[in-house]
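The structure appears below as structure tokens.
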Amino acid sequence: MAFSDLIPASSDWIPISVFPVMQKIVARVSNRVFVGLPMCRHEGFLNLSIMHTMAVVRTRKLLSWFPEPLKPMVGFFVNESRRGVRLGKTFLGPTIQERLDKMREFGDDWLSKPDDMLQWTIDLATSKGKSIDSIVQYILLINFAAIHTSSNTFTHALYHLAANPEYIQPLREEVDAVIKEEGWTKAAMQKLRKLDSFMRESQRMNGISGVSLMRKALKDVTMSDGSFIPAGTMIVAPAVATHMDDENYTNPEVFDPWRFSNMRDGDGEGTKHQFVSTSVDYITFGHGKHACPGRFFAANELKAMLAHTVMNYDVKFEKESVRPPNLWFAITVSPDPRAKVLFRKRQD
Ligand code: HEM
């Protein structure tokens with residue numbers, strides 16, 4: 001529904017500003033799972049889920065200009081993100097309150113208790129004695145982690161597809177065969193190997209940041225090679241350098257959509273090189289103890305979205321088949337937010 005509302009399937013080519021449209025689609029699709037119907041289609045709540053991230057980032061930036069002792073005081077007066085929580089409460093508050101009332105009334109005997117993410121969040125918060133405000137804050141926090149990362153990642157992949165429309169047909173054939181067998185299920189997403197490889201390759205070349213695994217040393221650390229890292233030092237791993245290193249990838253500067261599905265065909269390699277697999281050579285989702293826990297959800301969501309796109313639309317760039325260059329802001333990389341992709345209803 002999100003796609004058909006925002007990208008009409010017309011027999012004429014229609015230019016779409018992919019970046020803002022994908023933010024809206026991802027916000028809606030993600031919140032179908034995070035908060036469910038009807039809130040996942042509520043214009044005001046969706047705008048908040050997209051904009052709250054900016055508010056948090058702006059507030060963090062502002063606070064970083066002040067010395068540590070002044071931060072709580074400045075934070076008290078800068079209430080942009082708290083305003084977001086207040087607004088979020090007007091949208092989510094009534095549903096949360098209704099569920100809290102039922103929990104109080106029925107306790108363990110609430111047989112029709114929902115088994116969804118909003119309820120898991122409420123259960124977690126109440127077990128810690130938290131208020132409705134905290135539940136709203138948790139939901140906004142999940143949106144913070146999910147929306148911009150996922151919409152950037154999808155836009156990057158769509159730009160690759162529009163620049164190389166010849167990849168649409170092989171993807172269609174795969175999706176068609178798998179969906180016929182499995183329907184639109186999680187099991188089907190597992191079997192979409194080419195599509196998985198396409199997403200992983202797009203993320204290898206673009207990612208969301210030039211660095212990954214950002215950590216702060218809380219105490220002095222001496223590494224196994226003798227390097228000394230004093231307490232308080234921020235350290236990162238170089239994502240672009242790792243992903244564009246020809247010791248890690250053959251012809252790393254070439255977008256090879258089937259690179260990883262081919263690698264998975266090797267003996268014993270079937271489960272490695274999936275979109276969600278992290279390693280020292282693939283760190284777009286981080287790696288180790290704090291690797292992105294949302295990546296399994298994101299991969300299913302983004303694969304379903306790309307499968308839906310190739311099954312329902314033809315896409316291409318307006319002029320030439322060249323992907324617009326990414327934009328860099330400090331360590332953050334983003335797909336060109338001004339680029340337009342032409343969409344039309346699938347013709348064959
Ligand atoms: C394509 C989409 C996504 C990308 C590229 C991405 C990327 C990342 C990266 C690079 C990290 C830091 C990992 C590290 O430092 O080792 C991270 C952490 C995290 N992500 Fe994601 N993420 C995505 C989607 C999501 C989604 C959908 C959710 C939630 C539903 C989520 C929740 C989180 C959380 C909670 C953390 C912090 C984990 C921790 O510190 O232990 N992410 N993500």
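All residue names refer to the structure tokens as shown: chains lettered A, B, ... in order, residues numbered from 1 in each chain, ligands numbered from 1 in order.
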In stretch 133-346 of chain A, DSSP strand (DSSP E or B) residues written as number ranges by chain = A: 209, 211-216, 221-222, 228-229, 234-238, 279, 282, 284, 286, 313-317, 327-329, 332-334, 340-345
Saved selection, atoms kept: C-alpha atoms, as a compact mmCIF listing (two decimals), in the first residue's frame:
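Dumped everything to part-v1.txt:
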# COMPACT_ATOMS: atom_id res chain seq x y z
CA SER A 209 29.35 5.86 6.97
CA VAL A 211 33.80 4.32 9.38
CA SER A 212 32.21 1.67 11.57
CA LEU A 213 32.54 0.12 15.03
CA MET A 214 32.85 3.48 16.74
CA ARG A 215 34.03 2.83 20.30
CA LYS A 216 35.37 4.84 23.22
CA VAL A 221 44.04 -0.74 26.57
CA THR A 222 47.19 -2.37 25.18
CA PHE A 228 48.49 1.61 23.37
CA ILE A 229 45.05 3.23 23.51
CA MET A 234 37.54 7.33 20.34
CA ILE A 235 38.46 4.60 17.89
CA VAL A 236 36.79 3.49 14.64
CA ALA A 237 37.33 0.88 11.94
CA PRO A 238 37.74 2.17 8.36
CA SER A 279 32.99 -10.18 9.32
CA TYR A 282 32.31 -6.56 5.90
CA THR A 284 28.52 -1.94 7.29
CA GLY A 286 29.38 -3.19 12.50
CA TYR A 313 7.73 -1.43 -11.70
CA ASP A 314 10.24 -0.71 -14.44
CA VAL A 315 12.86 1.81 -13.29
CA LYS A 316 15.56 3.86 -15.02
CA PHE A 317 17.32 7.19 -14.79
CA LEU A 327 27.25 13.01 -0.90
CA TRP A 328 29.64 13.11 2.02
CA PHE A 329 29.17 15.09 5.19
CA THR A 332 28.48 10.22 6.86
CA VAL A 333 27.65 9.13 3.33
CA SER A 334 24.26 9.58 1.75
CA LYS A 340 15.02 11.40 -9.57
CA VAL A 341 14.30 7.90 -10.85
CA LEU A 342 11.70 7.23 -13.51
CA PHE A 343 9.10 4.62 -12.54
CA ARG A 344 6.39 3.04 -14.66
CA LYS A 345 4.12 0.04 -14.27
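Excluding A:Leu195 and any residue on its chain fewer than 6 positions from it, the residues at most 8 Å away by only C-alpha atoms are A:Leu171, A:Lys303, A:Leu306, A:Ala307.
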Could you write those residues out with all heavy atoms, as a JSON list (two decimals), in the first residue's frame?
[["chain", "number", "residue", "atom", "x", "y", "z"],
["A", 171, "LEU", "N", 16.52, -10.53, -11.45],
["A", 171, "LEU", "CA", 15.91, -10.42, -10.12],
["A", 171, "LEU", "C", 14.45, -10.84, -10.17],
["A", 171, "LEU", "O", 13.95, -11.60, -9.33],
["A", 171, "LEU", "CB", 16.04, -8.99, -9.57],
["A", 171, "LEU", "CG", 17.45, -8.55, -9.18],
["A", 171, "LEU", "CD1", 17.47, -7.06, -8.81],
["A", 171, "LEU", "CD2", 17.97, -9.36, -8.00],
["A", 303, "LYS", "N", 14.60, -6.40, 1.49],
["A", 303, "LYS", "CA", 14.49, -7.39, 0.41],
["A", 303, "LYS", "C", 13.04, -7.47, -0.07],
["A", 303, "LYS", "O", 12.78, -7.56, -1.27],
["A", 303, "LYS", "CB", 15.02, -8.74, 0.89],
["A", 303, "LYS", "CG", 16.55, -8.76, 0.93],
["A", 303, "LYS", "CD", 17.10, -9.91, 1.71],
["A", 303, "LYS", "CE", 16.88, -11.24, 1.06],
["A", 303, "LYS", "NZ", 17.50, -12.34, 1.85],
["A", 306, "LEU", "N", 12.53, -4.45, -2.26],
["A", 306, "LEU", "CA", 13.17, -4.52, -3.59],
["A", 306, "LEU", "C", 12.44, -5.55, -4.46],
["A", 306, "LEU", "O", 12.23, -5.33, -5.66],
["A", 306, "LEU", "CB", 14.66, -4.87, -3.45],
["A", 306, "LEU", "CG", 15.48, -4.72, -4.73],
["A", 306, "LEU", "CD1", 15.43, -3.28, -5.27],
["A", 306, "LEU", "CD2", 16.94, -5.12, -4.52],
["A", 307, "ALA", "N", 12.03, -6.66, -3.84],
["A", 307, "ALA", "CA", 11.28, -7.69, -4.59],
["A", 307, "ALA", "C", 9.98, -7.07, -5.10],
["A", 307, "ALA", "O", 9.61, -7.26, -6.27],
["A", 307, "ALA", "CB", 11.00, -8.89, -3.69]]
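The residue that comes closest to ligand 1, out of A:Val35, A:Val240, A:Ile283, A:Ala146 and on the basis of only C-alpha atoms and all ligand atoms, is A:Ala146.
Proximity to A:Phe260 was assessed for A:Asp245, A:Asp220, A:Asp196, A:Glu320 counting only C-alpha atoms; the smallest distance is recorded for A:Asp196.
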Can you tell me which residues come within 10 Å of ligand 1 when counting only C-alpha atoms and all ligand atoms, ideally as a PyMOL selection string?
-> chain A and resi 26+30-31+33-34+139+141-154+199-200+203+206-209+211-215+236-237+239+275-276+278+283-302
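Comparing the minimum interatomic distances between A:Asp265 and each of A:Ser197, A:Gln23, A:Ser17, A:Asn251, counting only C-alpha atoms, we find that A:Ser197 sits nearest.
Near A:Ile179, within 12 Å and counting only C-alpha atoms, sit Leu171, Arg172, Glu173, Glu174, Val175, Gly183, Trp184, Thr185, Lys186, Ala187, Ala188, Met189, Gln190, Lys191, Leu192, Ala304, Ala307, His308 and Met311 of chain A, not including residues fewer than 4 positions from it in the same chain.
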